[in-house]
Every structure is written in C-alpha cells, then in structure tokens.
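J.: Questions regarding the structure given below will be posed in turn.
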Amino acid sequence: MSTVIQAIHIPAWEERSTPKQHIVYRIEILASVRSWQMWRRYSEFADLHVELTKSTGAPPPAPLPPKHALALFRSSTNPTLLEERRAGLETYLRAILSSKDDRWRESFAFRDFLGVPVGKQAGQSISGPSQFTSSSWLDEHQDLQARIRDVRADINRRDALSDSGDVSGSHQANVQAKKKLAGVLTRVGVLEDGLQTLALAGLSEGELRRRTDMVARLRDDCEKLAKIVTVARMTARGIGSAAERNPASETDRDALMGPSGGMPGGFNRPVARVFGQAAQPRETEQTRPLDDHGLLQLQQVQMEQQDMQLAELTTILQRQKQLGLAIHQEVAEQNEELDHLSGEVDRVGGKLTSAKRQLNRLGG
C-alpha cells in the first residue's frame with residue numbers, strides 16, 4: 001500500500017437530509033505521517049464488501065453488519081441500533097487492517113474506499129508514474145491549493161519585510177517562495193498525468209473535463225506567482241539588481257527613446273502601425289524597473305502564457321471540428337433517409353395509379 005495505515009476508527013455517525021434523509025459514518029484513518037477522515041454510507045460499505053469478495057475470491061475476515069437490522073423497525077434513526085451498526089462497521093474495517101492475509105487491504109477497492117493517497121508512494125520519485133484514485137486525486141489537488149496559499153503568504157511576508165527595510169529577510173522570503181513554487185509545479189505535472197490513469201479507469205468525460213479545468217487553474221495560479229517571484233521588484237521595494245534599483249533618468253531615456261509622446265529625431269508625427277514594419281519600442285510601468293535579464297524573464301513568462309492560451313484555443317477548435325463532422329454525418333444520414341422515403345412515396349404513388357386504372361376499367 002502506498003500509505004501505511006496504522007489505525008482506523010469510526011467514532012460517530014451523522015444524519016443528513018440531502019439529497020434525501022440518510023445516515024453517514026465518519027471514518028478516521030491514522031497513517032504514519034498524516035491522518036484524514038472519510039464519510040461513508042452503509043450502502044457504500046455493502047458495495048465495498050461485494051467488490052472485495054469478487055476481486056479476491058473470498059469474503060473479508062469479519063462479516064458486515066446485516067442491513068435488515070434496521071429494517072425491522074419503522075425508525076431508521078434509532079440511536080441504539082445505529083450505535084450497534086457503527087461498532088460493527090468499525091470491527092469490519094479493523095479486521096481487514098489487522099488480518100495476516102493482506103489481499104483485502106492491498107486491493108484497489110479498499111484503498112479507494114478509505115481515500116488513501118496512493119499517488120504519493122514511499123520511495124517513488126515525485127516525477128515518476130502517478131497512480132491516483134478518484135478521491136486521492138482530489139486530496140492532492142486540495143493540498144496543492146494549500147501550498148499555493150503558502151507561496152502567496154511568503155510573497156506577502158517578503159513585501160512586508162521590504163517595506164520595513166529588512167532587505168536580507170525579504171530576499172530569504174523570496175527564495176523560500178521560489179522553492180515552494182518549484183515543488184508545486186512538479187506536483188501539478190504529476191497530478192495532470194494522473195488524469196490519464198483515471199480516464200483509463202473509467203472516469204466520466206464530464207468529470208474528466210472538470211478536473212482538467214482544475215489543473216489548468218492551478219497552472220494559471222503558478223504562472224502568476226512565478227511572474228511575481230521571478231520578475232524583480234520595483235525600486236521602492238529595494239529588491240533586485242543595481243539597474244533595477246537605479247533606473248535611468250528621464251533625460252537619458254529621452255535621448256535614447258525620443259521625447260515622451262513623440263518620436264526620435266524630434267518628429268511629433270502621430271505614430272501609426274505600418275504593415276510589415278516593427279512597432280516602435282515603448283517603455284511601460286511593468287518594464288521600467290527591469291534590467292535585460294528581467295525583461296527576458298518577463299518575455300518568457302508572457303510567451304508561455306500565450307502558448308497556453310493557444311493550446312486552449314486549439315482544443316476548442318478541435319472540439320468544434322468534431323461537432324461539425326458529427327453534424328455533417330447526421331445531415332448525410334438524414335438525406336439518405338429522405339431519398340429512401342421519396343422513393344417509397346413514388347413507388348406507392350405508382351401502385352395507387354395502377355389500382356385507380358383497374359377500378360376505372362371495372363366501373364366502365
């Protein structure tokens with residue numbers, strides 16, 4: 001198993017009213033380095049029991065509490081009966097966990113039922129093949145969102161330290177944010193690869209598209225944070241190279257770029273775009289505090305964002321193409337059906353004409 005489970009408890013149950021009234025049991029799972037909880041209905045326990053028996057060829061070591069225990073009474077929320085079922089379900093799971101035969105607890109159905117994060121296996125390279133269950137994939141996504149919030153907190157701390165004049169502390173906070181962001185980017189790639197495994201495992205197309213969008217939003221957040229931690233800070237922050245902290249004066253810029261609002265050489269003719277001619281470079285608030293290295297990094301970030309937008313546009317166009325081909329095929333089939341119907345109408349019309357002639361002969 002990817003995560004060694006040390007203990008399982010079902011301390012409580014809870015009554016819920018949506019989508020309809022039912023009882024769920026809180027399962028607390030304790031592993032070596034983390035713990036989490038899952039909420040499961042009795043019907044999910046029953047499905048697990050069937051799946052374990054089918055996949056291993058033998059029933060689990062402990063019996064599942066019978067379903068008819070509550071069906072004998074009109075009220076399905078009898079606290080005494082629910083407490084007995086809770087204890088029986090806890091015994092059921094603990095028997096699987098403590099059994100000498102590990103075929104039940106090592107099965108995919110059991111790991112998925114408990115939400116074990118099998119995507120983070122011990123000794124496995126984080127960039128290696130990813131093996132997620134549906135629930136562990138969502139756990140990994142939630143953990144990455146928390147890591148992104150940590151990166152934002154480091155950036156805010158960097159700015160606060162810079163405002164207070166602590167340049168060294170601000171630099172350390174920026175380095176820490178970079179390290180965390182690099183780890184997040186690697187894990188986002190693993191999470192994206194895990195979608196392929198889930199798709200092969202039978203994940204629905206709608207859910208797959210939703211999770212693809214979730215990964216895209218994570219990447220977008222990472223790109224924005226990468227731009228913040230990579231591109232040097234403004235002069236007022238006191239971070240960056242000497243060229244960033246001491247930008248050129250307006251006089252020097254005018255000598256190089258031309259007067260503000262005009263063109264080099266003193267021509268004040270309005271600037272117009274000419275097809276095939278490169279546009280005149282202009283300074284912006286975003287590029288003003290940057291040196292050559294910072295400008296190059298900013299350009300790379302913008303090019304990567306454009307590549308991502310182009311990839312999304314390509315996906316949309318491919319989807320539209322598939323829809324167009326499907327519509328074309330449907331129209332062709334409908335035309336064939338109409339042609340067949342027209343032939344049938346002509347044939348029936350011919351028969352009616354022949355019958356009419358025979359009736360006229362009989363009437364004559």
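Labels for the structure tokens follow display order: chains A, B, ..., residues from 1 in each chain, ligands from 1.
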At a cut-off of 12 Å, using only C-alpha atoms, what residues contact A:His141? Leave out same-chain residues fewer than 4 positions from it and give the result as a PyMOL selection string.

T.: chain A and resi 117+119+132+134-137+145-148+184+187-192+194-195+211-219

J.: Rounded to one decimal, what separation in Å do you get between atom CA of A:Ile155 and atom CA of A:Ser168?

T.: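 Interatomic distance, atom CA of A:Ile155 to atom CA of A:Ser168: 14.0 Å.
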
J.: Could you tell me how far atom CA of A:Ser17 sits from atom CA of A:Phe45, in Å to one decimal place?

T.: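 Spanning atom CA of A:Phe45 to atom CA of A:Ser17 is a straight-line distance of 19.5 Å.
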
J.: Could you work out how far atom CA of A:Gly202 lies from atom CA of A:Pro63, giving the answer in Å with one decimal?

T.: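 Result for atom CA of A:Pro63 versus atom CA of A:Gly202: 29.4 Å, one decimal.
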
J.: Which neighbours of A:Ala31 fall inside 8 Å, counting only C-alpha atoms, when residues of the same chain fewer than 4 positions from it are skipped, and could you give them as a list in words?

T.: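 Those residues are Thr3, Val4, Ile5, Gln6, Ala7 and Ser35 of chain A.
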